[in-house]
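The next block is model_35.pdb, given as PDB, C-alpha atoms.
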```
ATOM      1  CA  PHE A   1      12.766 -25.382  42.671
ATOM      2  CA  MET A   2      13.136 -23.427  39.468
ATOM      3  CA  THR A   3      11.076 -20.267  39.065
ATOM      4  CA  VAL A   4      10.381 -18.442  35.805
ATOM      5  CA  GLN A   5      12.609 -15.559  36.885
ATOM      6  CA  LYS A   6      15.505 -17.766  37.925
ATOM      7  CA  ILE A   7      15.554 -19.994  34.844
ATOM      8  CA  LEU A   8      15.248 -16.938  32.603
ATOM      9  CA  SER A   9      18.268 -15.252  34.239
ATOM     10  CA  GLN A  10      20.350 -18.421  33.822
ATOM     11  CA  ALA A  11      19.310 -18.769  30.177
ATOM     12  CA  ILE A  12      20.104 -15.138  29.352
ATOM     13  CA  LEU A  13      23.544 -15.536  30.879
ATOM     14  CA  LYS A  14      24.224 -18.703  28.862
ATOM     15  CA  LEU A  15      23.130 -17.025  25.601
ATOM     16  CA  GLU A  16      25.266 -13.950  26.391
ATOM     17  CA  GLN A  17      28.298 -16.174  26.943
ATOM     18  CA  ASN A  18      27.657 -17.747  23.532
ATOM     19  CA  LYS A  19      27.470 -14.307  21.892
ATOM     20  CA  ILE A  20      23.809 -14.535  20.919
ATOM     21  CA  GLU A  21      22.708 -11.092  19.716
ATOM     22  CA  MET A  22      19.425 -10.714  21.606
ATOM     23  CA  PRO A  23      19.753 -13.061  24.577
ATOM     24  CA  ARG A  24      16.842 -11.723  26.633
ATOM     25  CA  LEU A  25      14.363 -11.659  23.759
ATOM     26  CA  ASP A  26      15.329 -15.149  22.588
ATOM     27  CA  ALA A  27      15.141 -16.620  26.089
ATOM     28  CA  GLU A  28      11.711 -15.047  26.646
ATOM     29  CA  ILE A  29      10.333 -16.304  23.323
ATOM     30  CA  LEU A  30      11.564 -19.829  24.018
ATOM     31  CA  LEU A  31      10.254 -19.912  27.587
ATOM     32  CA  ALA A  32       6.880 -18.535  26.502
ATOM     33  CA  PHE A  33       6.851 -21.245  23.830
ATOM     34  CA  VAL A  34       7.521 -24.011  26.390
ATOM     35  CA  LEU A  35       4.901 -22.635  28.799
ATOM     36  CA  ASN A  36       2.466 -21.899  25.965
ATOM     37  CA  CYS A  37       1.823 -18.361  27.186
ATOM     38  CA  GLN A  38       2.350 -14.739  26.148
ATOM     39  CA  ARG A  39       5.769 -13.234  26.935
ATOM     40  CA  LEU A  40       4.188 -10.677  29.263
ATOM     41  CA  LYS A  41       3.061 -13.512  31.535
ATOM     42  CA  LEU A  42       6.700 -14.330  32.306
ATOM     43  CA  TYR A  43       6.789 -11.053  34.257
ATOM     44  CA  THR A  44       3.350 -11.161  35.845
ATOM     45  CA  GLU A  45       4.058 -14.733  37.009
ATOM     46  CA  SER A  46       7.806 -14.524  37.556
ATOM     47  CA  GLU A  47       7.641 -16.593  40.770
ATOM     48  CA  LYS A  48       5.789 -19.476  39.152
ATOM     49  CA  ILE A  49       7.593 -22.793  39.658
ATOM     50  CA  LEU A  50       8.301 -24.879  36.557
ATOM     51  CA  SER A  51       7.748 -28.618  36.312
ATOM     52  CA  VAL A  52      10.744 -30.901  35.720
ATOM     53  CA  ASP A  53       9.538 -31.484  32.151
ATOM     54  CA  GLU A  54       9.272 -27.733  31.440
ATOM     55  CA  VAL A  55      12.756 -27.130  32.822
ATOM     56  CA  GLN A  56      14.228 -29.898  30.656
ATOM     57  CA  ARG A  57      12.473 -28.747  27.494
ATOM     58  CA  PHE A  58      13.525 -25.147  28.015
ATOM     59  CA  GLU A  59      17.143 -26.002  28.847
ATOM     60  CA  ASN A  60      17.312 -28.182  25.738
ATOM     61  CA  LEU A  61      16.068 -25.290  23.567
ATOM     62  CA  ILE A  62      18.546 -22.858  25.135
ATOM     63  CA  THR A  63      21.401 -25.308  24.471
ATOM     64  CA  GLN A  64      20.376 -25.453  20.799
ATOM     65  CA  ARG A  65      19.974 -21.674  20.614
ATOM     66  CA  ALA A  66      23.475 -21.283  22.098
ATOM     67  CA  LYS A  67      24.673 -23.355  19.103
ATOM     68  CA  LYS A  68      23.129 -20.671  16.868
ATOM     69  CA  ILE A  69      20.054 -22.661  15.774
ATOM     70  CA  PRO A  70      17.522 -19.928  14.807
ATOM     71  CA  VAL A  71      14.647 -19.356  17.233
ATOM     72  CA  ALA A  72      12.078 -19.838  14.448
ATOM     73  CA  TYR A  73      13.368 -23.368  13.794
ATOM     74  CA  LEU A  74      13.226 -24.174  17.508
ATOM     75  CA  THR A  75       9.623 -22.999  17.896
ATOM     76  CA  GLY A  76       8.584 -24.087  14.395
ATOM     77  CA  SER A  77       6.944 -20.753  13.752
ATOM     78  CA  LYS A  78       7.586 -17.283  12.365
ATOM     79  CA  GLU A  79       5.196 -14.383  12.042
ATOM     80  CA  PHE A  80       4.935 -12.831   8.594
ATOM     81  CA  PHE A  81       2.346 -10.347   7.406
ATOM     82  CA  GLY A  82       0.398 -10.885  10.645
ATOM     83  CA  LEU A  83       0.166 -14.642  10.039
ATOM     84  CA  ASN A  84       2.000 -17.281  12.042
ATOM     85  CA  PHE A  85       3.797 -19.554   9.567
ATOM     86  CA  PHE A  86       5.128 -23.021  10.294
ATOM     87  CA  VAL A  87       8.842 -23.198   9.406
ATOM     88  CA  ASN A  88      11.588 -25.805   9.653
ATOM     89  CA  GLU A  89      15.149 -26.226   8.426
ATOM     90  CA  ASN A  90      13.932 -26.968   4.878
ATOM     91  CA  VAL A  91      12.849 -23.380   4.281
ATOM     92  CA  LEU A  92      14.272 -19.903   4.574
ATOM     93  CA  ILE A  93      12.813 -18.088   7.589
ATOM     94  CA  PRO A  94      10.492 -15.314   6.316
ATOM     95  CA  ARG A  95      11.967 -11.841   6.937
ATOM     96  CA  PRO A  96      10.104  -8.594   7.670
ATOM     97  CA  ASP A  97      11.823  -7.063   4.585
ATOM     98  CA  THR A  98       9.853  -9.413   2.375
ATOM     99  CA  GLU A  99       6.582  -7.911   3.622
ATOM    100  CA  ILE A 100       7.387  -4.907   1.349
ATOM    101  CA  LEU A 101       7.406  -7.213  -1.681
ATOM    102  CA  THR A 102       4.212  -8.951  -0.579
ATOM    103  CA  GLN A 103       2.397  -5.661   0.046
ATOM    104  CA  LEU A 104       3.377  -4.456  -3.422
ATOM    105  CA  VAL A 105       1.945  -7.548  -5.099
ATOM    106  CA  ILE A 106      -1.281  -7.240  -3.092
ATOM    107  CA  GLU A 107      -1.669  -3.592  -4.135
ATOM    108  CA  ASN A 108      -1.016  -4.346  -7.801
ATOM    109  CA  LEU A 109      -2.964  -7.556  -8.197
ATOM    110  CA  GLY A 110      -6.679  -6.913  -7.750
ATOM    111  CA  GLY A 111      -9.164  -9.786  -7.325
ATOM    112  CA  GLU A 112      -9.566 -12.825  -9.568
ATOM    113  CA  LYS A 113      -6.023 -12.515 -10.891
ATOM    114  CA  ILE A 114      -3.448 -15.256 -11.314
ATOM    115  CA  PHE A 115       0.088 -14.861 -10.069
ATOM    116  CA  ALA A 116       3.230 -16.977  -9.812
ATOM    117  CA  ASP A 117       5.563 -17.082  -6.811
ATOM    118  CA  LEU A 118       8.986 -18.434  -7.797
ATOM    119  CA  GLY A 119      11.014 -20.014  -4.993
ATOM    120  CA  THR A 120       8.056 -20.070  -2.629
ATOM    121  CA  GLY A 121       9.851 -21.684   0.344
ATOM    122  CA  SER A 122       7.462 -21.654   3.319
ATOM    123  CA  GLY A 123       4.772 -20.224   1.035
ATOM    124  CA  ALA A 124       4.792 -16.946   2.973
ATOM    125  CA  ILE A 125       4.364 -14.643  -0.050
ATOM    126  CA  ALA A 126       1.842 -16.715  -2.027
ATOM    127  CA  ILE A 127      -0.275 -17.478   1.037
ATOM    128  CA  SER A 128      -0.294 -13.871   2.284
ATOM    129  CA  VAL A 129      -1.337 -12.657  -1.171
ATOM    130  CA  CYS A 130      -4.197 -15.190  -1.361
ATOM    131  CA  LYS A 131      -5.225 -14.349   2.180
ATOM    132  CA  PHE A 132      -5.528 -10.621   1.414
ATOM    133  CA  VAL A 133      -6.615 -10.673  -2.242
ATOM    134  CA  LYS A 134     -10.022 -12.280  -2.526
ATOM    135  CA  ASN A 135     -10.236 -14.785  -5.396
ATOM    136  CA  ALA A 136      -6.555 -14.468  -6.382
ATOM    137  CA  VAL A 137      -5.068 -17.757  -7.571
ATOM    138  CA  GLY A 138      -1.408 -18.577  -6.986
ATOM    139  CA  PHE A 139       1.063 -20.872  -8.722
ATOM    140  CA  ALA A 140       3.893 -21.514  -6.260
ATOM    141  CA  VAL A 141       7.139 -23.096  -7.452
ATOM    142  CA  ASP A 142      10.115 -24.396  -5.513
ATOM    143  CA  ILE A 143      13.032 -26.625  -6.428
ATOM    144  CA  SER A 144      12.799 -28.411  -3.067
ATOM    145  CA  GLU A 145      10.076 -31.007  -2.403
ATOM    146  CA  ASN A 146      10.740 -30.592   1.330
ATOM    147  CA  ALA A 147      10.112 -26.850   1.120
ATOM    148  CA  LEU A 148       6.883 -27.491  -0.805
ATOM    149  CA  ASP A 149       5.683 -29.808   1.991
ATOM    150  CA  VAL A 150       6.054 -26.882   4.400
ATOM    151  CA  ALA A 151       4.281 -24.491   1.992
ATOM    152  CA  LYS A 152       1.395 -26.939   1.454
ATOM    153  CA  PHE A 153       1.005 -27.358   5.217
ATOM    154  CA  ASN A 154       0.828 -23.567   5.633
ATOM    155  CA  ALA A 155      -1.640 -23.168   2.751
ATOM    156  CA  LYS A 156      -3.946 -25.650   4.473
ATOM    157  CA  LYS A 157      -3.432 -23.972   7.835
ATOM    158  CA  PHE A 158      -4.603 -20.623   6.420
ATOM    159  CA  CYS A 159      -7.396 -22.183   4.315
ATOM    160  CA  VAL A 160      -6.064 -21.037   0.936
ATOM    161  CA  ASP A 161      -4.947 -24.474  -0.300
ATOM    162  CA  ASP A 162      -7.844 -24.488  -2.807
ATOM    163  CA  ARG A 163      -6.369 -21.370  -4.477
ATOM    164  CA  ILE A 164      -2.673 -22.247  -4.644
ATOM    165  CA  ASN A 165      -1.177 -24.760  -7.059
ATOM    166  CA  PHE A 166       2.225 -26.097  -6.064
ATOM    167  CA  PHE A 167       4.919 -27.187  -8.515
ATOM    168  CA  CYS A 168       8.338 -28.670  -7.948
ATOM    169  CA  GLY A 169      10.946 -27.340 -10.371
ATOM    170  CA  ASN A 170      13.315 -24.552 -11.274
ATOM    171  CA  LEU A 171      11.733 -21.090 -11.631
ATOM    172  CA  PHE A 172       9.415 -20.966 -14.685
ATOM    173  CA  GLU A 173      10.182 -24.520 -15.869
ATOM    174  CA  PRO A 174       7.062 -26.225 -14.467
ATOM    175  CA  LEU A 175       4.829 -23.358 -15.688
ATOM    176  CA  ALA A 176       5.377 -23.810 -19.451
ATOM    177  CA  GLY A 177       2.546 -22.363 -21.529
ATOM    178  CA  LYS A 178       0.927 -20.492 -18.618
ATOM    179  CA  LYS A 179       0.382 -16.726 -18.356
ATOM    180  CA  PHE A 180       0.095 -14.573 -15.239
ATOM    181  CA  ASP A 181      -1.104 -11.132 -14.189
ATOM    182  CA  ALA A 182       1.860 -10.927 -11.817
ATOM    183  CA  VAL A 183       5.083 -12.787 -11.081
ATOM    184  CA  VAL A 184       6.810 -12.378  -7.733
ATOM    185  CA  SER A 185      10.076 -13.791  -6.420
ATOM    186  CA  ASN A 186      12.399 -13.472  -3.469
ATOM    187  CA  PRO A 187      15.225 -15.463  -5.060
ATOM    188  CA  PRO A 188      18.590 -16.471  -3.563
ATOM    189  CA  TYR A 189      20.777 -13.364  -3.907
ATOM    190  CA  ILE A 190      23.901 -13.815  -1.829
ATOM    191  CA  PRO A 191      27.137 -14.003  -3.877
ATOM    192  CA  THR A 192      28.650 -17.483  -3.431
ATOM    193  CA  ALA A 193      31.885 -16.139  -1.913
ATOM    194  CA  ASP A 194      29.933 -14.236   0.766
ATOM    195  CA  LEU A 195      28.125 -17.338   2.055
ATOM    196  CA  LYS A 196      31.012 -18.152   4.392
ATOM    197  CA  ASN A 197      30.761 -14.703   6.025
ATOM    198  CA  LEU A 198      27.085 -14.996   6.905
ATOM    199  CA  GLN A 199      25.956 -15.046  10.523
ATOM    200  CA  ASP A 200      26.110 -18.565  11.978
ATOM    201  CA  GLU A 201      22.306 -18.534  12.291
ATOM    202  CA  VAL A 202      21.841 -17.859   8.589
ATOM    203  CA  LYS A 203      24.332 -20.581   7.634
ATOM    204  CA  ILE A 204      21.905 -23.095   9.116
ATOM    205  CA  GLU A 205      19.229 -22.097   6.589
ATOM    206  CA  PRO A 206      19.060 -23.982   3.253
ATOM    207  CA  VAL A 207      21.993 -22.939   1.055
ATOM    208  CA  THR A 208      19.866 -23.333  -2.101
ATOM    209  CA  ALA A 209      17.687 -20.516  -0.762
ATOM    210  CA  LEU A 210      20.714 -18.234  -0.291
ATOM    211  CA  ASP A 211      23.293 -18.813  -3.041
ATOM    212  CA  GLY A 212      22.810 -16.386  -5.937
ATOM    213  CA  GLY A 213      25.918 -17.345  -7.912
ATOM    214  CA  VAL A 214      29.208 -15.478  -8.331
ATOM    215  CA  ASP A 215      27.729 -11.955  -8.262
ATOM    216  CA  GLY A 216      24.491 -12.890  -6.493
ATOM    217  CA  LEU A 217      22.476 -11.911  -9.581
ATOM    218  CA  ASN A 218      22.083 -15.259 -11.413
ATOM    219  CA  PHE A 219      18.399 -15.682 -10.606
ATOM    220  CA  TYR A 220      17.471 -12.127 -11.603
ATOM    221  CA  ARG A 221      18.991 -12.549 -15.064
ATOM    222  CA  LYS A 222      16.979 -15.715 -15.604
ATOM    223  CA  ILE A 223      13.677 -14.553 -14.078
ATOM    224  CA  ILE A 224      13.641 -11.141 -15.772
ATOM    225  CA  SER A 225      14.601 -12.435 -19.230
ATOM    226  CA  ASP A 226      12.061 -15.299 -19.078
ATOM    227  CA  ALA A 227       9.196 -13.346 -17.483
ATOM    228  CA  PRO A 228       7.766 -11.634 -20.636
ATOM    229  CA  GLU A 229       6.839 -15.054 -22.022
ATOM    230  CA  PHE A 230       4.758 -15.739 -18.899
ATOM    231  CA  LEU A 231       3.117 -12.344 -18.345
ATOM    232  CA  PHE A 232      -0.161 -11.093 -19.767
ATOM    233  CA  ASP A 233      -0.082  -7.673 -21.423
ATOM    234  CA  ASN A 234       0.522  -5.090 -18.668
ATOM    235  CA  GLY A 235       1.622  -7.883 -16.336
ATOM    236  CA  PHE A 236       3.555  -7.005 -13.191
ATOM    237  CA  LEU A 237       6.947  -8.408 -12.119
ATOM    238  CA  ALA A 238       8.405  -7.750  -8.643
ATOM    239  CA  VAL A 239      11.560  -9.167  -7.064
ATOM    240  CA  GLU A 240      13.263  -8.688  -3.727
ATOM    241  CA  VAL A 241      16.957  -7.732  -3.935
ATOM    242  CA  GLY A 242      19.958  -7.734  -1.620
ATOM    243  CA  ILE A 243      21.906  -4.687  -0.474
ATOM    244  CA  ASN A 244      23.462  -2.727  -3.370
ATOM    245  CA  GLN A 245      21.802  -4.907  -6.028
ATOM    246  CA  ALA A 246      18.809  -2.725  -6.929
ATOM    247  CA  GLU A 247      20.508  -0.676  -9.659
ATOM    248  CA  SER A 248      21.927  -3.759 -11.426
ATOM    249  CA  VAL A 249      18.543  -5.483 -11.279
ATOM    250  CA  LYS A 250      16.801  -2.341 -12.521
ATOM    251  CA  LYS A 251      19.142  -2.470 -15.522
ATOM    252  CA  PHE A 252      18.066  -6.064 -16.277
ATOM    253  CA  PHE A 253      14.429  -4.871 -16.295
ATOM    254  CA  ALA A 254      15.330  -2.090 -18.747
ATOM    255  CA  GLU A 255      17.365  -4.424 -20.992
ATOM    256  CA  ASN A 256      14.331  -6.714 -21.212
ATOM    257  CA  ASN A 257      12.061  -3.816 -22.199
ATOM    258  CA  PHE A 258       9.996  -3.538 -19.033
ATOM    259  CA  ALA A 259       8.182  -0.235 -18.425
ATOM    260  CA  GLU A 260       7.345   1.681 -15.231
ATOM    261  CA  ILE A 261      10.444   0.257 -13.496
ATOM    262  CA  GLU A 262      10.598   1.309  -9.865
ATOM    263  CA  ILE A 263      12.768   0.643  -6.817
ATOM    264  CA  PHE A 264      11.083   0.394  -3.413
ATOM    265  CA  GLN A 265      12.811   0.731  -0.031
ATOM    266  CA  ASP A 266      12.326  -1.273   3.136
ATOM    267  CA  LEU A 267      11.689   0.254   6.565
ATOM    268  CA  ALA A 268      15.420   0.784   7.063
ATOM    269  CA  GLY A 269      15.603   2.849   3.856
ATOM    270  CA  ILE A 270      17.474   0.120   1.951
ATOM    271  CA  ASP A 271      16.563  -0.505  -1.705
ATOM    272  CA  ARG A 272      14.719  -3.796  -1.311
ATOM    273  CA  VAL A 273      12.332  -4.416  -4.235
ATOM    274  CA  VAL A 274      12.520  -3.763  -7.966
ATOM    275  CA  ALA A 275       9.307  -3.943 -10.007
ATOM    276  CA  GLY A 276       8.135  -3.219 -13.518
ATOM    277  CA  ARG A 277       5.365  -3.851 -16.053
ATOM    278  CA  TRP A 278       5.488  -5.772 -19.262
ATOM    279  CA  THR A 279       3.473  -4.466 -22.226
ATOM    280  CA  ASN A 280       3.278  -5.973 -25.687
ATOM    281  CA  GLU A 281       4.087  -2.597 -27.223
ATOM    282  CA  ASN A 282       7.654  -2.784 -25.899
TER     283      ASN A 282
END
```
Transcribe the structure of this file into structure tokens.
Amino acid sequence: FMTVQKILSQAILKLEQNKIEMPRLDAEILLAFVLNCQRLKLYTESEKILSVDEVQRFENLITQRAKKIPVAYLTGSKEFFGLNFFVNENVLIPRPDTEILTQLVIENLGGEKIFADLGTGSGAIAISVCKFVKNAVGFAVDISENALDVAKFNAKKFCVDDRINFFCGNLFEPLAGKKFDAVVSNPPYIPTADLKNLQDEVKIEPVTALDGGVDGLNFYRKIISDAPEFLFDNGFLAVEVGINQAESVKKFFAENNFAEIEIFQDLAGIDRVVAGRWTNEN
């Protein structure tokens, strides 16, 4: 017989041997997922005996986790901004850092405003904004049809699918002739040469969502230089940046005549978001 406690200990050991960073946490999340319960229950019911099916499903997940498949892909879900998003290998897994960017857009948008989310992926930013800004309307763009399928599923799940328009294409391309109160993007920002040094887990995520060109700044150049054409007067542009990129990106904002350019830090004190306003006077 296999109890919760016993199978958990075995799983933790296996993950440790495979150099998984947080073996206990990952094992608990995956077991709670298989048993469809809260993690706390694993301790209050540690002597519970698992069925053969539960044991097989859990062991299969642990084997995949030992091969560095991210937990979020194994459970098909990731919490972001208090919402539980569906994710799969076609989208980047939403990161807590990106909540800073999302919060900023929410604070600067106000109701009944239109915004664009470039490189929407799972739809995490656009959906969170629509969920917390009443009457906001989003235009979400991604180059991957498969990613858009995930985003559309999430928009329906959170009942904001009537307020988000999805477009397949590169950045502003599918939005020709449109104007927005705000544009937001968490673009790929990892320099191409650094991709090979990423954690094994991250390497499993879509490379198109990671590769930012030689210096990691390709997408910022394009987004920031094109944005004025798509922003209403006093429109707001905010982008997430990688480590040590904020100052370079801030310079792009200045070169393109944005005003009120600011850098915002994440919870770890790292420069994480650069934002500015576009006014016709510039």
Quick one: apply the PyMOL selection byres ((chain A and resi 68-81) around 7) to the file and drop the selected residues here as a list of chain:residue names.
->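 The output of the PyMOL selection byres ((chain A and resi 68-81) around 7) on this file is A:Asp26, A:Phe33, A:Leu61, A:Gln64, A:Arg65, A:Ala66, A:Lys67, A:Gly82, A:Leu83, A:Asn84, A:Phe85, A:Phe86, A:Val87, A:Asn88, A:Glu89, A:Pro94, A:Pro96, A:Glu99, A:Ala124, A:Ser128, A:Asp200, A:Glu201, A:Ile204.
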May I ask which of the residues A:Ile93, A:Ala268, A:Ile224, A:Val249 is the closest one to Val150 (chain A), counting only C-alpha atoms?
->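 When distances to Val150 (chain A) are compared using only C-alpha atoms, the smallest one comes from A:Ile93.
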I need the residue set behind the PyMOL selection byres ((chain A and resi 182-192) around 8) for this file; please write it as a PyMOL selection string.
-> chain A and resi 98+101+105+109+114-120+180-181+193-195+208-220+227+231+235-242
Considering all atoms listed in the file, state which residue in the set A:Ile29, A:Thr279, A:Asp233, A:Asp266 is at the smallest distance from Thr102 (chain A).
->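 Answer, going by the shortest atom-to-atom distance: A:Asp266.
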Could you write out as a list in words the residues that the PyMOL selection byres ((chain A and resi 51) around 12) matches in the shown file?
-> Phe1, Met2, Thr3, Val4, Ile7, Val34, Leu35, Lys48, Ile49, Leu50, Val52, Asp53, Glu54, Val55, Gln56, Arg57 and Phe58 of chain A
What separation in Å, quoted to one decimal, exists between CA of Val129 (chain A) and CA of Ile106 (chain A)?
-> 5.7 Å
Among the residues A:Pro228, A:Gly121, A:Gly110, A:Pro174, the one that comes closest to Asn257 (chain A) [using only C-alpha atoms] | A:Pro228
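Note that CA of Lys251 (chain A) and CA of Leu267 (chain A) are 23.5 Å apart.
CA of Ala275 (chain A) is found 8.1 Å from CA of Lys250 (chain A).
Ranking A:Gly169, A:Lys179, A:Gln199, A:Phe139 by their shortest atom-to-atom distance to Lys19 (chain A), with only C-alpha atoms included, puts A:Gln199 first.
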Taking into account all atoms listed in the file, which residue in the set A:Ile100, A:Glu21, A:Gln5, A:Phe158 is nearest to Lys41 (chain A)?
->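 Closest to Lys41 (chain A) of all the choices is A:Gln5.
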Write out as a PyMOL selection string the residues lying within 10 Å of Asn244 (chain A), counting all atoms listed in the file and excluding same-chain residues fewer than 5 positions away.
-> chain A and resi 249+270-272
Using all atoms listed in the file, pick whichever of A:Val274, A:Leu8, A:Leu148, A:Leu104 has the shortest atom-to-atom distance to Ala32 (chain A).
->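 Counting all atoms listed in the file, the residue closest to Ala32 (chain A) is A:Leu8.
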Compile the contact shell of Val91 (chain A) as a PyMOL selection string: residues with an atom at most 7 Å away, counting only C-alpha atoms, same-chain residues fewer than 6 positions apart removed.
-> chain A and resi 121-122+147+205-206
